[in-house]
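Below is one structure, written out as C-alpha cells; comments come after it.
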Amino acid sequence: KIQPLARLFHEMDVDKSGFLDQCELVAGLRRLGVSDEAAQQAAAAADFDGNGKIEYTEFVAGCLPVASELFAVSLQAAFQAFDSDNDGAIDSTELSALLQSGQISGADMPQSKAVESMLAELDSDHNGRISFP
C-alpha cells in the first residue's frame, strides 16, 4: 500500500517543501537503519529527472521495487513454512493442516470450500500439489 510511503515521505521532508533534497533522503534512510553508503546511492538514484529534487512520485517509484522484493521474499518464506516436508510443494495434507491450524481466519478463507477444490484452483501444473513459482 502506498499510504505508509506518503507518511514516510512527509516525515523525511523536514523543511516541508513538498520534495526531498538528497540530504533529507539520506538522513531519513539512515534513521531507518540504512548504511550511509547505501543511503547516498539510493538518494542519487532516486532523482530520476536530475533536477536535484526528489518528488513524491520519484520517491514512490524508487521504493516500489524494494517493496515488491520484500513481499516476494515474505511470500516464499510463508510458503516454505507451510511446506512441512520441504519438497517444494504444498499437497492436500499440508493444505488441510494449514486450514485446520487456525492461522487463516474465516474472513480470509471461505469455510465452505473443500481442500480438494482449493488445491485444484491453485494447482497450476495439475500435479495435485501447489508449487511456488
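Simple scheme: letters A, B, ... for chains in C-alpha cells order, numbers from 1 for residues in each chain, numbers from 1 for ligands in the order shown.
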From a DSSP calculation on the backbone, collect every residue of stretch 2-117 of chain A in alpha helix (DSSP H) and output the set as number ranges by chain.
A: 3-12, 22-31, 36-46, 56-82, 92-100, 115-117
Identify, on the basis of only C-alpha atoms, every residue whose closest approach to A:Ile90 does not exceed 6 Å; exclude the query and any residue fewer than 4 positions from it along the same chain; express the result as an NGL selection string. :A and (83 or 94 or 129-130)
Tell me, as a PDB file with all heavy atoms, in the first residue's frame, which residues lie within 7 Å of stretch 12-19 of chain A, counting only C-alpha atoms; anything in the same chain fewer than 4 positions away does not count.
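selection-v9.pdb, written as the output of this step:
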```
ATOM      1  N   LEU A   8       5.922   8.372   5.254  1.00  0.00           N
ATOM      2  CA  LEU A   8       7.377   8.370   5.324  1.00  0.00           C
ATOM      3  C   LEU A   8       7.966   9.550   4.555  1.00  0.00           C
ATOM      4  O   LEU A   8       8.870  10.228   5.042  1.00  0.00           O
ATOM      5  CB  LEU A   8       7.919   7.039   4.782  1.00  0.00           C
ATOM      6  CG  LEU A   8       9.407   6.785   4.899  1.00  0.00           C
ATOM      7  CD1 LEU A   8       9.862   6.834   6.357  1.00  0.00           C
ATOM      8  CD2 LEU A   8       9.742   5.415   4.298  1.00  0.00           C
ATOM      9  N   GLU A  24      17.974  15.293   2.800  1.00  0.00           N
ATOM     10  CA  GLU A  24      16.801  14.833   3.560  1.00  0.00           C
ATOM     11  C   GLU A  24      16.584  13.344   3.370  1.00  0.00           C
ATOM     12  O   GLU A  24      16.289  12.622   4.339  1.00  0.00           O
ATOM     13  CB  GLU A  24      15.543  15.588   3.130  1.00  0.00           C
ATOM     14  CG  GLU A  24      15.482  17.026   3.602  1.00  0.00           C
ATOM     15  CD  GLU A  24      14.291  17.774   3.045  1.00  0.00           C
ATOM     16  OE1 GLU A  24      14.006  17.642   1.833  1.00  0.00           O
ATOM     17  OE2 GLU A  24      13.637  18.495   3.831  1.00  0.00           O
ATOM     18  N   LEU A  25      16.717  12.869   2.128  1.00  0.00           N
ATOM     19  CA  LEU A  25      16.503  11.447   1.876  1.00  0.00           C
ATOM     20  C   LEU A  25      17.587  10.606   2.543  1.00  0.00           C
ATOM     21  O   LEU A  25      17.294   9.588   3.168  1.00  0.00           O
ATOM     22  CB  LEU A  25      16.445  11.150   0.377  1.00  0.00           C
ATOM     23  CG  LEU A  25      16.152   9.703  -0.003  1.00  0.00           C
ATOM     24  CD1 LEU A  25      14.881   9.183   0.669  1.00  0.00           C
ATOM     25  CD2 LEU A  25      16.051   9.552  -1.517  1.00  0.00           C
ATOM     26  N   GLY A  28      16.862  10.527   6.245  1.00  0.00           N
ATOM     27  CA  GLY A  28      15.704   9.679   6.515  1.00  0.00           C
ATOM     28  C   GLY A  28      16.037   8.201   6.396  1.00  0.00           C
ATOM     29  O   GLY A  28      15.618   7.398   7.235  1.00  0.00           O
ATOM     30  N   LYS A  53      15.764  17.565  -7.010  1.00  0.00           N
ATOM     31  CA  LYS A  53      14.624  17.405  -6.106  1.00  0.00           C
ATOM     32  C   LYS A  53      14.041  16.010  -6.290  1.00  0.00           C
ATOM     33  O   LYS A  53      13.871  15.554  -7.414  1.00  0.00           O
ATOM     34  CB  LYS A  53      13.531  18.428  -6.425  1.00  0.00           C
ATOM     35  CG  LYS A  53      13.970  19.862  -6.335  1.00  0.00           C
ATOM     36  CD  LYS A  53      12.861  20.773  -6.801  1.00  0.00           C
ATOM     37  CE  LYS A  53      13.301  22.225  -6.769  1.00  0.00           C
ATOM     38  NZ  LYS A  53      12.252  23.115  -7.279  1.00  0.00           N
ATOM     39  N   ILE A  54      13.729  15.365  -5.200  1.00  0.00           N
ATOM     40  CA  ILE A  54      13.101  14.046  -5.269  1.00  0.00           C
ATOM     41  C   ILE A  54      11.629  14.251  -4.954  1.00  0.00           C
ATOM     42  O   ILE A  54      11.242  14.443  -3.790  1.00  0.00           O
ATOM     43  CB  ILE A  54      13.769  13.057  -4.299  1.00  0.00           C
ATOM     44  CG1 ILE A  54      15.251  12.931  -4.661  1.00  0.00           C
ATOM     45  CG2 ILE A  54      13.060  11.711  -4.331  1.00  0.00           C
ATOM     46  CD1 ILE A  54      16.125  12.396  -3.570  1.00  0.00           C
ATOM     47  N   GLU A  55      10.835  14.289  -6.017  1.00  0.00           N
ATOM     48  CA  GLU A  55       9.397  14.470  -5.861  1.00  0.00           C
ATOM     49  C   GLU A  55       8.790  13.183  -5.311  1.00  0.00           C
ATOM     50  O   GLU A  55       9.390  12.117  -5.361  1.00  0.00           O
ATOM     51  CB  GLU A  55       8.738  14.837  -7.200  1.00  0.00           C
ATOM     52  CG  GLU A  55       9.063  16.233  -7.687  1.00  0.00           C
ATOM     53  CD  GLU A  55      10.333  16.317  -8.523  1.00  0.00           C
ATOM     54  OE1 GLU A  55      10.900  15.257  -8.859  1.00  0.00           O
ATOM     55  OE2 GLU A  55      10.763  17.435  -8.827  1.00  0.00           O
ATOM     56  N   TYR A  56       7.561  13.303  -4.827  1.00  0.00           N
ATOM     57  CA  TYR A  56       6.869  12.151  -4.250  1.00  0.00           C
ATOM     58  C   TYR A  56       6.798  10.991  -5.236  1.00  0.00           C
ATOM     59  O   TYR A  56       7.038   9.840  -4.860  1.00  0.00           O
ATOM     60  CB  TYR A  56       5.465  12.567  -3.788  1.00  0.00           C
ATOM     61  CG  TYR A  56       4.666  11.408  -3.243  1.00  0.00           C
ATOM     62  CD1 TYR A  56       5.027  10.811  -2.041  1.00  0.00           C
ATOM     63  CD2 TYR A  56       3.578  10.904  -3.933  1.00  0.00           C
ATOM     64  CE1 TYR A  56       4.307   9.735  -1.537  1.00  0.00           C
ATOM     65  CE2 TYR A  56       2.850   9.831  -3.436  1.00  0.00           C
ATOM     66  CZ  TYR A  56       3.227   9.257  -2.240  1.00  0.00           C
ATOM     67  OH  TYR A  56       2.520   8.189  -1.748  1.00  0.00           O
TER      68      TYR A  56
END
```
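Selecting strand (DSSP E or B) from the backbone DSSP output for chain A yields Leu20, Ile54, Ala89, Ile90, Ile130 and Ser131 of chain A.
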#### Entry: Who sits within 10 Å of A:Leu5, only C-alpha atoms, same chain under 2 positions skipped, as a list in words
Lys1, Ile2, Gln3, Arg7, Leu8, Phe9, His10, Glu11, Tyr56, Phe59, Val60, Cys63 and Leu64 of chain A
Those residues you just picked out, can you put them in a file as a compact mmCIF listing (two decimals), in the first residue's frame with C-alpha atoms?
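Contents of the output file again-v3.txt:
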```
# COMPACT_ATOMS: atom_id res chain seq x y z
CA LYS A 1 0.00 0.00 0.00
CA ILE A 2 1.15 3.48 -0.83
CA GLN A 3 -0.19 5.27 2.28
CA ARG A 7 3.69 9.26 5.61
CA LEU A 8 7.38 8.37 5.32
CA PHE A 9 7.90 10.93 2.54
CA HIS A 10 6.29 13.70 4.64
CA GLU A 11 8.34 12.73 7.69
CA TYR A 56 6.87 12.15 -4.25
CA PHE A 59 10.23 8.54 -4.10
CA VAL A 60 7.42 6.02 -4.61
CA CYS A 63 10.53 2.34 -3.18
CA LEU A 64 8.26 0.00 -5.16
```
List the neighbours of A:Phe132 out to 9 Å using only C-alpha atoms; skip same-chain residues closer than 3 positions along the sequence, and give me the result as a list in words. Gln76, Phe79, Gln80, Gly88, Ala89 and Ile90 of chain A
The residue from A:Ala61, A:Leu99, A:Ala78, A:Ala39 with the smallest atom-to-atom distance to A:Gln22, counting only C-alpha atoms, is A:Ala39
As a check of understanding: the span from atom CA of A:Asp123 to atom CA of A:Asp87 is 15.2 Å
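Minimum distance to A:Cys23 across A:Gln41, A:Asn127, A:Ser101, A:Ser84 (counting only C-alpha atoms) occurs at A:Gln41.
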One decimal place gives the atom CA of A:Arg30-atom CA of A:Ala72 separation as 24.2 Å
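Nearest residue to A:Ala120 among A:Leu32, A:Ala6, A:Leu95, A:Ala77 is A:Leu95, counting only C-alpha atoms.
For the pair atom CA of A:Thr93 and atom CA of A:Gly128, the interatomic distance is 10.9 Å.
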